[in-house]
$ cat target05.txt   # compact mmCIF, C-alpha atoms and all ligand atoms
# COMPACT_ATOMS: atom_id res chain seq x y z
CA MET A 163 0.00 0.00 0.00
CA ALA A 164 1.14 3.55 -0.58
CA PRO A 165 2.30 5.44 2.45
CA ASP A 166 -0.08 8.17 3.41
CA GLY A 167 0.33 11.43 1.63
CA ARG A 168 1.43 9.82 -1.58
CA GLU A 169 -0.74 9.67 -4.56
CA VAL A 170 -1.02 6.44 -6.41
CA ALA A 171 -2.79 5.93 -9.66
CA ALA A 172 -6.03 4.07 -9.17
CA GLY A 173 -5.08 0.47 -9.83
CA PRO A 174 -7.16 -2.50 -10.89
CA ARG A 175 -8.28 -2.97 -7.27
CA LEU A 176 -10.15 0.29 -7.56
CA VAL A 177 -11.96 -0.34 -10.78
CA ARG A 178 -15.10 1.70 -10.60
CA PRO A 179 -15.62 1.59 -6.86
CA TYR A 180 -18.67 3.77 -7.30
CA ALA A 181 -20.33 0.94 -9.18
CA LEU A 182 -21.25 -0.16 -5.66
CA THR A 183 -23.31 2.99 -5.30
CA SER A 184 -24.72 2.99 -8.84
CA GLY A 185 -22.41 5.88 -9.55
CA ARG A 186 -23.61 8.11 -6.75
CA THR A 187 -20.80 10.00 -5.07
CA GLU A 188 -22.76 12.13 -2.60
CA SER A 189 -24.26 10.70 0.53
CA VAL A 190 -27.81 11.82 1.20
CA VAL A 191 -26.92 12.48 4.82
CA ASP A 192 -23.93 14.32 6.15
CA LEU A 193 -21.74 11.72 7.80
CA PRO A 194 -18.61 12.78 9.65
CA ILE A 195 -15.75 10.33 9.23
CA GLU A 196 -15.77 9.61 12.99
CA ALA A 197 -19.53 9.00 13.21
CA THR A 198 -20.70 5.77 14.79
CA PHE A 199 -24.17 4.28 14.60
CA GLU A 200 -26.91 2.52 16.40
CA VAL A 201 -28.48 -0.32 14.46
CA SER A 202 -32.26 -0.15 14.59
CA PRO A 203 -34.44 -3.27 14.91
CA SER A 204 -35.14 -3.17 11.16
CA GLY A 205 -31.41 -3.15 10.51
CA ARG A 206 -30.94 -6.18 12.69
CA THR A 207 -33.58 -8.24 10.98
CA ALA A 208 -33.23 -7.16 7.36
CA THR A 209 -31.91 -9.69 4.85
CA TRP A 210 -29.82 -8.76 1.86
CA PRO A 211 -29.33 -10.13 -1.62
CA GLU A 212 -26.16 -12.01 -2.47
CA GLY A 213 -23.29 -9.59 -2.99
CA ASP A 214 -24.97 -6.71 -1.16
CA LEU A 215 -22.53 -5.15 1.31
CA SER A 216 -25.26 -3.88 3.62
CA GLY A 217 -25.24 -6.89 5.93
CA GLN A 218 -21.50 -6.68 6.57
CA ILE A 219 -21.70 -2.93 7.02
CA LEU A 220 -24.49 -3.28 9.56
CA ASP A 221 -22.43 -5.87 11.45
CA LEU A 222 -19.56 -3.41 11.67
CA CYS A 223 -21.91 -0.67 12.83
CA ALA A 224 -23.32 -2.98 15.49
CA ALA A 225 -19.74 -3.41 16.72
CA LYS A 226 -19.59 0.40 17.13
CA GLU A 227 -17.28 0.92 14.21
CA SER A 228 -17.19 4.36 12.61
CA VAL A 229 -17.51 5.51 9.02
CA ALA A 230 -13.70 5.39 8.84
CA GLU A 231 -13.57 1.78 9.99
CA VAL A 232 -16.32 0.71 7.62
CA SER A 233 -14.23 2.16 4.79
CA ALA A 234 -10.98 0.59 6.02
CA LYS A 235 -12.36 -2.83 6.89
CA MET A 236 -14.57 -3.20 3.83
CA HIS A 237 -11.74 -1.95 1.61
CA ILE A 238 -13.97 0.65 0.03
CA PRO A 239 -13.09 4.31 -0.44
CA LEU A 240 -14.41 6.71 2.16
CA GLY A 241 -16.88 8.28 -0.27
CA VAL A 242 -18.37 4.91 -1.15
CA ALA A 243 -18.72 4.00 2.52
CA ARG A 244 -20.50 7.30 3.11
CA VAL A 245 -23.01 6.71 0.33
CA LEU A 246 -23.79 3.15 1.48
CA LEU A 247 -24.07 4.19 5.13
CA GLY A 248 -26.20 7.17 4.14
CA ASP A 249 -28.60 4.82 2.36
CA LEU A 250 -28.89 2.69 5.49
CA VAL A 251 -29.58 5.79 7.58
CA THR A 252 -32.22 6.97 5.14
CA ALA A 253 -33.82 3.52 5.15
CA GLY A 254 -34.07 3.71 8.93
CA HIS A 255 -31.67 0.83 9.58
CA LEU A 256 -29.08 3.04 11.22
CA LYS A 257 -29.10 6.09 13.43
CA THR A 258 -26.04 8.25 13.85
CA ARG A 259 -24.66 8.79 17.30
CA THR A 260 -23.47 12.14 18.54
CA THR A 261 -20.51 13.93 17.02
CA ILE A 262 -19.58 17.59 17.01
CA SER A 263 -21.40 19.22 14.10
CA GLU A 264 -22.82 22.57 13.03
CA ASN A 265 -25.90 21.70 15.04
CA THR A 266 -23.98 21.15 18.25
CA THR A 267 -24.65 23.83 20.84
CA SER A 268 -21.65 25.40 22.53
CA ASP A 269 -22.68 23.74 25.80
CA GLU A 270 -22.72 20.32 24.13
CA ARG A 271 -19.40 21.03 22.48
CA ARG A 272 -17.84 22.03 25.77
CA GLU A 273 -19.27 18.99 27.51
CA LEU A 274 -17.87 16.65 24.87
CA ILE A 275 -14.43 18.24 24.96
CA GLU A 276 -14.42 18.12 28.76
CA ARG A 277 -15.33 14.46 28.72
CA THR A 278 -12.57 13.84 26.20
CA LEU A 279 -10.07 15.68 28.38
CA SER A 280 -10.89 13.75 31.52
CA GLY A 281 -10.82 10.52 29.54
CA LEU A 282 -7.38 11.32 28.15
CA ARG A 283 -6.03 12.32 31.55
CA ALA A 284 -7.26 9.04 33.02
CA LEU A 285 -5.59 6.91 30.34
CA MET B 155 -32.48 16.23 7.53
CA ASP B 156 -34.78 13.48 8.64
CA TYR B 157 -32.66 11.85 11.26
CA ALA B 158 -31.43 12.91 14.64
CA PRO B 159 -28.60 11.71 16.80
CA SER B 160 -30.13 8.83 18.68
CA ASN B 161 -28.26 9.00 21.92
CA ARG B 162 -26.98 12.22 23.38
CA ASN B 163 -24.61 10.41 25.67
CA SER B 164 -23.00 8.03 23.25
CA ALA B 165 -20.56 9.99 21.16
CA SER B 166 -17.43 9.94 19.10
CA THR B 167 -15.06 12.75 18.37
CA LYS B 168 -11.71 13.31 16.70
CA ILE B 169 -8.34 14.97 16.79
CA VAL B 170 -6.33 15.48 13.63
CA VAL B 171 -2.62 14.74 13.49
CA ALA B 172 -1.09 16.70 10.65
CA GLY B 173 2.34 17.26 9.21
CA GLY B 174 4.61 16.49 6.30
CA PHE B 175 5.47 13.09 4.92
CA GLY B 176 7.57 10.99 7.29
CA VAL B 177 7.20 13.34 10.24
CA GLY B 178 5.74 10.61 12.47
CA LYS B 179 1.97 10.89 12.10
CA THR B 180 1.32 7.18 11.82
CA THR B 181 3.83 6.48 14.58
CA PHE B 182 2.06 8.96 16.84
CA VAL B 183 -1.37 7.51 16.11
CA GLY B 184 -0.08 3.97 16.65
CA ALA B 185 1.56 4.90 19.96
CA VAL B 186 -1.74 5.86 21.62
CA SER B 187 -4.33 3.96 19.61
CA GLU B 188 -5.97 0.86 21.07
CA ILE B 189 -6.00 -0.69 17.60
CA ASP B 190 -3.22 -0.95 15.05
CA PRO B 191 -3.67 2.06 12.82
CA LEU B 192 -6.11 1.40 10.02
CA ARG B 193 -6.05 2.98 6.63
CA THR B 194 -8.87 4.57 4.76
CA GLU B 195 -8.60 5.89 1.25
CA ALA B 196 -10.41 8.71 -0.41
CA LEU B 197 -10.75 8.77 -4.16
CA VAL B 198 -9.99 12.13 -5.54
CA THR B 199 -10.66 13.37 -9.00
CA ASN B 200 -8.73 16.50 -9.75
CA GLU B 201 -8.59 18.58 -12.80
CA SER B 202 -4.93 18.43 -13.66
CA GLU B 203 -3.14 21.72 -13.37
CA GLY B 204 -1.45 21.51 -16.71
CA GLN B 205 -3.36 21.12 -19.87
CA ASP B 206 -2.92 18.52 -22.49
CA ASP B 207 -0.59 20.14 -24.98
CA ILE B 208 -2.28 18.88 -28.09
CA SER B 209 -5.97 18.86 -27.36
CA LYS B 210 -6.02 21.67 -24.77
CA VAL B 211 -8.56 19.58 -22.94
CA GLN B 212 -8.20 19.50 -19.20
CA GLN B 213 -7.29 16.07 -17.98
CA LYS B 214 -8.91 14.49 -15.00
CA HIS B 215 -6.89 12.22 -12.79
CA THR B 216 -8.35 9.93 -10.21
CA THR B 217 -5.92 9.46 -7.37
CA THR B 218 -6.09 7.90 -3.99
CA VAL B 219 -5.25 9.75 -0.83
CA ALA B 220 -4.63 7.48 2.13
CA MET B 221 -5.16 8.38 5.73
CA ASP B 222 -4.13 6.35 8.76
CA PHE B 223 -6.28 6.46 11.83
CA GLY B 224 -6.58 4.98 15.28
CA ARG B 225 -9.07 5.03 18.13
CA ILE B 226 -9.11 5.37 21.87
CA THR B 227 -12.14 4.36 23.90
CA LEU B 228 -12.21 6.99 26.62
CA ALA B 229 -15.39 5.83 28.31
CA GLU B 230 -18.10 3.32 27.64
CA ASN B 231 -19.93 5.99 25.69
CA LEU B 232 -17.07 8.02 24.27
CA VAL B 233 -14.58 7.17 21.53
CA LEU B 234 -11.81 9.44 20.31
CA TYR B 235 -10.52 8.97 16.77
CA LEU B 236 -7.11 10.14 15.65
CA PHE B 237 -6.62 10.89 11.98
CA GLY B 238 -3.18 11.28 10.51
CA THR B 239 -3.46 13.48 7.47
CA PRO B 240 -1.04 14.30 4.71
CA GLY B 241 -0.04 17.92 4.99
CA GLN B 242 0.51 19.07 1.47
CA ARG B 243 -1.47 21.99 0.22
CA ARG B 244 -3.02 20.01 -2.59
CA PHE B 245 -4.93 17.98 0.02
CA TRP B 246 -6.59 20.97 1.63
CA PHE B 247 -9.93 20.31 -0.03
CA MET B 248 -9.93 16.99 1.81
CA TRP B 249 -9.10 18.55 5.11
CA ASP B 250 -12.20 20.74 4.92
CA ASP B 251 -14.20 17.59 5.29
CA LEU B 252 -11.88 15.98 7.80
CA VAL B 253 -11.52 18.86 10.25
CA LYS B 254 -15.25 19.54 10.43
CA GLY B 255 -16.18 18.74 14.01
CA ALA B 256 -12.63 18.06 15.15
CA ILE B 257 -11.62 19.09 18.65
CA GLY B 258 -8.36 20.35 17.25
CA ALA B 259 -5.12 19.38 15.56
CA VAL B 260 -1.61 18.42 16.52
CA VAL B 261 0.84 19.64 13.91
CA LEU B 262 3.92 17.44 14.00
CA VAL B 263 7.12 19.16 13.05
CA ASP B 264 10.50 17.72 12.12
CA VAL B 265 13.14 20.44 12.58
CA ARG B 266 15.14 19.06 9.69
CA ARG B 267 12.25 19.79 7.37
CA LEU B 268 10.46 22.75 8.86
CA ASP B 269 8.97 23.87 5.57
CA ASP B 270 6.94 20.65 5.43
CA SER B 271 4.84 22.01 8.27
CA PHE B 272 4.09 25.42 6.78
CA ALA B 273 1.00 24.23 4.93
CA ALA B 274 -0.59 22.65 8.00
CA VAL B 275 0.05 25.70 10.16
CA ASP B 276 -1.32 28.00 7.47
CA TYR B 277 -4.40 25.86 7.07
CA PHE B 278 -5.40 25.57 10.72
CA GLU B 279 -4.67 29.22 11.31
CA ALA B 280 -6.92 30.17 8.40
CA LYS B 281 -9.67 27.78 9.54
CA GLY B 282 -9.54 28.92 13.14
CA LEU B 283 -9.25 25.31 14.29
CA PRO B 284 -7.38 25.06 17.59
CA PHE B 285 -3.97 23.50 17.04
CA ILE B 286 -0.72 22.94 18.84
CA VAL B 287 2.70 22.44 17.36
CA ALA B 288 4.57 19.34 18.48
CA LEU B 289 8.25 19.10 17.74
CA ASN B 290 9.09 15.48 17.02
CA GLN B 291 12.57 14.87 18.34
CA PHE B 292 14.32 12.77 15.80
CA ASP B 293 17.88 11.85 16.64
CA GLY B 294 20.18 14.77 16.23
CA SER B 295 17.50 17.44 16.34
CA GLN B 296 17.68 18.09 20.07
CA GLU B 297 19.64 21.27 19.57
CA PHE B 298 16.46 23.03 18.52
CA GLY B 299 13.85 23.71 21.15
CA PRO B 300 10.24 24.88 21.06
CA ASP B 301 11.31 28.52 21.19
CA ASP B 302 13.34 28.15 18.01
CA ILE B 303 10.42 26.48 16.29
CA ARG B 304 7.93 29.09 17.46
CA GLU B 305 10.14 31.77 16.01
CA ALA B 306 10.87 29.95 12.77
CA LEU B 307 7.20 29.18 12.13
CA ALA B 308 5.95 32.51 13.51
CA ILE B 309 3.56 30.77 15.88
CA PRO B 310 1.53 33.25 17.96
CA ALA B 311 2.36 33.32 21.68
CA HIS B 312 -0.94 31.79 22.84
CA ILE B 313 -0.52 28.62 20.78
CA PRO B 314 1.34 25.85 22.62
CA VAL B 315 4.56 24.58 21.08
CA ILE B 316 5.74 21.38 22.74
CA GLU B 317 8.20 18.56 22.26
CA VAL B 318 6.97 15.07 21.55
CA ASP B 319 8.37 11.61 20.96
CA ALA B 320 5.86 10.10 18.58
CA ARG B 321 7.01 6.60 19.50
CA ASP B 322 6.22 7.05 23.14
CA ARG B 323 2.69 6.48 24.37
CA GLU B 324 2.97 8.81 27.37
CA SER B 325 4.46 11.54 25.25
CA ALA B 326 1.79 11.24 22.58
CA LYS B 327 -0.89 11.13 25.27
CA LYS B 328 0.47 14.32 26.78
CA ALA B 329 0.22 16.02 23.39
CA LEU B 330 -3.43 14.94 23.11
CA VAL B 331 -4.17 16.27 26.60
CA ARG B 332 -2.50 19.51 25.62
CA ILE B 333 -4.50 20.08 22.43
CA THR B 334 -7.74 19.19 24.21
CA GLU B 335 -6.99 21.59 27.08
CA PHE B 336 -6.13 24.24 24.54
CA ALA B 337 -9.35 23.66 22.58
CA LEU B 338 -11.26 24.11 25.83
CA THR B 339 -9.57 27.42 26.61
CA GLN B 340 -10.38 28.57 23.09
CA LEU B 341 -14.05 27.85 23.73
CA THR B 342 -13.90 29.82 26.93
CA GLY B 343 -12.30 32.65 25.01
CA VAL B 344 -15.13 32.69 22.52
CA ALA B 345 -17.79 32.52 25.20
CA ALA B 346 -16.18 35.30 27.22
CA SER B 347 -15.98 37.63 24.27
CA ALA B 348 -19.49 36.87 23.04
N1 LIG C 1 13.86 8.80 15.99
C1 LIG C 1 12.56 8.94 15.79
N2 LIG C 1 11.98 8.35 14.73
C2 LIG C 1 10.66 8.49 14.54
C3 LIG C 1 9.85 9.24 15.44
N3 LIG C 1 8.58 9.23 14.98
C4 LIG C 1 8.59 8.52 13.85
N4 LIG C 1 9.83 8.05 13.58
C5 LIG C 1 10.22 7.24 12.42
O1 LIG C 1 10.08 8.05 11.26
C6 LIG C 1 9.57 7.28 10.18
C7 LIG C 1 8.32 7.90 9.60
O2 LIG C 1 7.29 7.85 10.55
P1 LIG C 1 5.75 7.74 10.13
O3 LIG C 1 4.96 7.65 11.39
O4 LIG C 1 5.53 6.66 9.16
O5 LIG C 1 5.52 9.13 9.41
P2 LIG C 1 4.22 9.69 8.66
O6 LIG C 1 4.54 9.68 7.22
O7 LIG C 1 4.07 11.11 9.15
O8 LIG C 1 3.05 8.83 9.01
C8 LIG C 1 9.35 5.87 10.72
O9 LIG C 1 10.45 5.08 10.36
C9 LIG C 1 9.31 6.06 12.22
O10 LIG C 1 9.77 4.93 12.90
C10 LIG C 1 10.49 9.82 16.58
O11 LIG C 1 9.87 10.49 17.42
N5 LIG C 1 11.84 9.66 16.70
MG MG C 2 1.88 7.72 7.78
$ encode --input "target05.txt" --output "structure tokens"
Amino acid sequence: MAPDGREVAAGPRLVRPYALTSGRTESVVDLPIEATFEVSPSGRTATWPEGDLSGQILDLCAAKESVAEVSAKMHIPLGVARVLLGDLVTAGHLKTRTTISENTTSDERRELIERTLSGLRAL
Amino acid sequence: MDYAPSNRNSASTKIVVAGGFGVGKTTFVGAVSEIDPLRTEALVTNESEGQDDISKVQQKHTTTVAMDFGRITLAENLVLYLFGTPGQRRFWFMWDDLVKGAIGAVVLVDVRRLDDSFAAVDYFEAKGLPFIVALNQFDGSQEFGPDDIREALAIPAHIPVIEVDARDRESAKKALVRITEFALTQLTGVAASA
């Protein structure tokens, strides 16, 4: 694999990764790279056609993995992971957990940073 | 948007580790992460800067930008992600997405290649994202201290400049505590002046 920061030409491994999303490159929901999810009951019981990645993605989400981990562990580019996860959110199979976003109030932001700080100090 | 965060108390957040190639980003992430650093790749289509000489048609290149990341579970309901990001200016468009919602950034600096850190410092300064500068002490660089680096990079007095050994868990942890403390004081600053 290329070390980070280096550009590599898209090789055969990356042939049309957006075929997985029928060519869509924009997620319908805004998903921060660090976002984790809660799998809803429908997500736990849904069944998927052969070759559909949704089942594996939902398993990762159930294990509290983030958008970044779904991309890394499924070996799909970040943008593809976002589109597929966005679809599962839209379908009601996933709900995003809290992250800092534009909608976060300054109190919530402070609280999250304070919790992070005490967590880091206790490491 | 037709969804809402489902659980106020269960959250994830992130700190960005930036700097030039080979400065120790992945080493830093690996030193504190509870998992071996993972790699995610973003596909990037850029209009090439030069033009095709014959056709004068702009070429599009699809390239892959890789990012290493790690995670630290800080509490049952709180996970901190660390993203090591390539520092070059041509990746800035990607940072816009990455830094959204970040607590702050640690800019790793190798004194032997100070200019590699200019882009990261410029970027976070322009974005107003809290950042600290961490001088990674490679062998033989000990003769330069934080004061030298602050001066060379023209880092404002209120921004912490520290030393770090990216290979050392305690040292990396200290840097994370420092950026988080700093981010908190920046919040206070905003609130006080509002
Ligand atoms: N002596 C020394 N070597 C380091 C330190 N941090 C990283 N390295 C080495 O520098 C090289 C590049 O580090 P890496 O983390 O891959 O850099 P990145 O490109 O920024 O991710 C590796 O061989 C590391 O072992 C450090 O604090 N001291
Ligand atoms: Mg690296």
$ interface_residues --input "target05.txt" --of "chain B" --to "chain A" --cutoff "6 Å" --atoms "all atoms listed in the file" --output "PDB file with C-alpha atoms, in the coordinates of the input"
ATOM      1  CA  PRO B 159     -28.600  11.710  16.800  1.00  0.00           C
ATOM      2  CA  SER B 160     -30.130   8.830  18.680  1.00  0.00           C
ATOM      3  CA  ASN B 161     -28.260   9.000  21.920  1.00  0.00           C
ATOM      4  CA  ARG B 162     -26.980  12.220  23.380  1.00  0.00           C
ATOM      5  CA  ALA B 165     -20.560   9.990  21.160  1.00  0.00           C
ATOM      6  CA  SER B 166     -17.430   9.940  19.100  1.00  0.00           C
ATOM      7  CA  THR B 167     -15.060  12.750  18.370  1.00  0.00           C
ATOM      8  CA  ARG B 193      -6.050   2.980   6.630  1.00  0.00           C
ATOM      9  CA  THR B 194      -8.870   4.570   4.760  1.00  0.00           C
ATOM     10  CA  GLU B 195      -8.600   5.890   1.250  1.00  0.00           C
ATOM     11  CA  ALA B 196     -10.410   8.710  -0.410  1.00  0.00           C
ATOM     12  CA  THR B 217      -5.920   9.460  -7.370  1.00  0.00           C
ATOM     13  CA  THR B 218      -6.090   7.900  -3.990  1.00  0.00           C
ATOM     14  CA  VAL B 219      -5.250   9.750  -0.830  1.00  0.00           C
ATOM     15  CA  ALA B 220      -4.630   7.480   2.130  1.00  0.00           C
ATOM     16  CA  MET B 221      -5.160   8.380   5.730  1.00  0.00           C
ATOM     17  CA  LEU B 228     -12.210   6.990  26.620  1.00  0.00           C
ATOM     18  CA  PRO B 240      -1.040  14.300   4.710  1.00  0.00           C
ATOM     19  CA  GLY B 255     -16.180  18.740  14.010  1.00  0.00           C
ATOM     20  CA  THR B 334      -7.740  19.190  24.210  1.00  0.00           C
TER      21      THR B 334
END
$ residues_around --input "target05.txt" --residues "B:Leu268" --least-positions-apart "6" --cutoff "12 Å" --atoms "only C-alpha atoms" --output "PyMOL selection string"
chain B and resi 173-175+177+261-262+274-275+287-290+295+298+302-308
$ axis_aligned_box --input "target05.txt" --around "ligand LIG 1 (chain C)" --padding-each-side "4 Å" --output "JSON"
{"center_x": 8.5, "center_y": 8.0, "center_z": 12.3, "size_x": 18.8, "size_y": 14.2, "size_z": 18.2}
$ closest_atom_pairs --input "target05.txt" --of "chain B" --to "ligand LIG 1 (chain C)" --cutoff "7 Å" --atoms "only C-alpha atoms and all ligand atoms" --output "JSON lines"
{"residue": "B:Gly173", "atom": "CA", "partner": "C:LIG1", "partner_atom": "O7", "distance": 6.4}
{"residue": "B:Gly174", "atom": "CA", "partner": "C:LIG1", "partner_atom": "O7", "distance": 6.1}
{"residue": "B:Phe175", "atom": "CA", "partner": "C:LIG1", "partner_atom": "O6", "distance": 4.2}
{"residue": "B:Gly176", "atom": "CA", "partner": "C:LIG1", "partner_atom": "O6", "distance": 3.3}
{"residue": "B:Val177", "atom": "CA", "partner": "C:LIG1", "partner_atom": "O7", "distance": 4.0}
{"residue": "B:Gly178", "atom": "CA", "partner": "C:LIG1", "partner_atom": "O3", "distance": 3.2}
{"residue": "B:Lys179", "atom": "CA", "partner": "C:LIG1", "partner_atom": "O7", "distance": 3.6}
{"residue": "B:Thr180", "atom": "CA", "partner": "C:LIG1", "partner_atom": "O8", "distance": 3.7}
{"residue": "B:Thr181", "atom": "CA", "partner": "C:LIG1", "partner_atom": "O3", "distance": 3.6}
{"residue": "B:Phe182", "atom": "CA", "partner": "C:LIG1", "partner_atom": "O3", "distance": 6.3}
{"residue": "B:Gly238", "atom": "CA", "partner": "C:LIG1", "partner_atom": "O8", "distance": 6.9}
{"residue": "B:Asn290", "atom": "CA", "partner": "C:LIG1", "partner_atom": "O11", "distance": 5.1}
{"residue": "B:Gln291", "atom": "CA", "partner": "C:LIG1", "partner_atom": "O11", "distance": 5.2}
{"residue": "B:Phe292", "atom": "CA", "partner": "C:LIG1", "partner_atom": "N1", "distance": 4.0}
{"residue": "B:Asp293", "atom": "CA", "partner": "C:LIG1", "partner_atom": "N1", "distance": 5.1}
{"residue": "B:Val318", "atom": "CA", "partner": "C:LIG1", "partner_atom": "O11", "distance": 6.8}
{"residue": "B:Asp319", "atom": "CA", "partner": "C:LIG1", "partner_atom": "O11", "distance": 4.0}
{"residue": "B:Ala320", "atom": "CA", "partner": "C:LIG1", "partner_atom": "O11", "distance": 4.2}
{"residue": "B:Arg321", "atom": "CA", "partner": "C:LIG1", "partner_atom": "O11", "distance": 5.3}
$ write_last_selection --input "target05.txt" --atoms "C-alpha atoms" --output "PDB file, in the frame of the given file"
ATOM      1  CA  GLY B 173       2.340  17.260   9.210  1.00  0.00           C
ATOM      2  CA  GLY B 174       4.610  16.490   6.300  1.00  0.00           C
ATOM      3  CA  PHE B 175       5.470  13.090   4.920  1.00  0.00           C
ATOM      4  CA  GLY B 176       7.570  10.990   7.290  1.00  0.00           C
ATOM      5  CA  VAL B 177       7.200  13.340  10.240  1.00  0.00           C
ATOM      6  CA  GLY B 178       5.740  10.610  12.470  1.00  0.00           C
ATOM      7  CA  LYS B 179       1.970  10.890  12.100  1.00  0.00           C
ATOM      8  CA  THR B 180       1.320   7.180  11.820  1.00  0.00           C
ATOM      9  CA  THR B 181       3.830   6.480  14.580  1.00  0.00           C
ATOM     10  CA  PHE B 182       2.060   8.960  16.840  1.00  0.00           C
ATOM     11  CA  GLY B 238      -3.180  11.280  10.510  1.00  0.00           C
ATOM     12  CA  ASN B 290       9.090  15.480  17.020  1.00  0.00           C
ATOM     13  CA  GLN B 291      12.570  14.870  18.340  1.00  0.00           C
ATOM     14  CA  PHE B 292      14.320  12.770  15.800  1.00  0.00           C
ATOM     15  CA  ASP B 293      17.880  11.850  16.640  1.00  0.00           C
ATOM     16  CA  VAL B 318       6.970  15.070  21.550  1.00  0.00           C
ATOM     17  CA  ASP B 319       8.370  11.610  20.960  1.00  0.00           C
ATOM     18  CA  ALA B 320       5.860  10.100  18.580  1.00  0.00           C
ATOM     19  CA  ARG B 321       7.010   6.600  19.500  1.00  0.00           C
TER      20      ARG B 321
END
$ atom_distance --input "target05.txt" --atom1 "atom CA of B:Val253" --atom2 "atom CA of A:Ser184"
28.1 Å
$ atom_distance --input "target05.txt" --atom1 "atom CA of B:Leu341" --atom2 "atom CA of B:Ser164"
21.8 Å
$ closest_residue --input "target05.txt" --among "B:Pro310, B:Gly258, B:Gly224, B:Gly282" --to "ligand MG 2 (chain C)" --atoms "only C-alpha atoms and all ligand atoms"
B:Gly224
$ atom_distance --input "target05.txt" --atom1 "atom CA of B:Leu330" --atom2 "atom CA of B:Thr227"
13.7 Å
$ closest_residue --input "target05.txt" --among "B:Val171, B:Leu283, B:Ile257, B:Val263" --to "ligand MG 2 (chain C)" --atoms "all atoms listed in the file"
B:Val171
$ residues_near_point --input "target05.txt" --point "(-5.7, 21.3, 21.2)" --cutoff "8 Å" --atoms "all atoms listed in the file" --output "NGL selection string"
:B and (257-260 or 284-286 or 330-338)
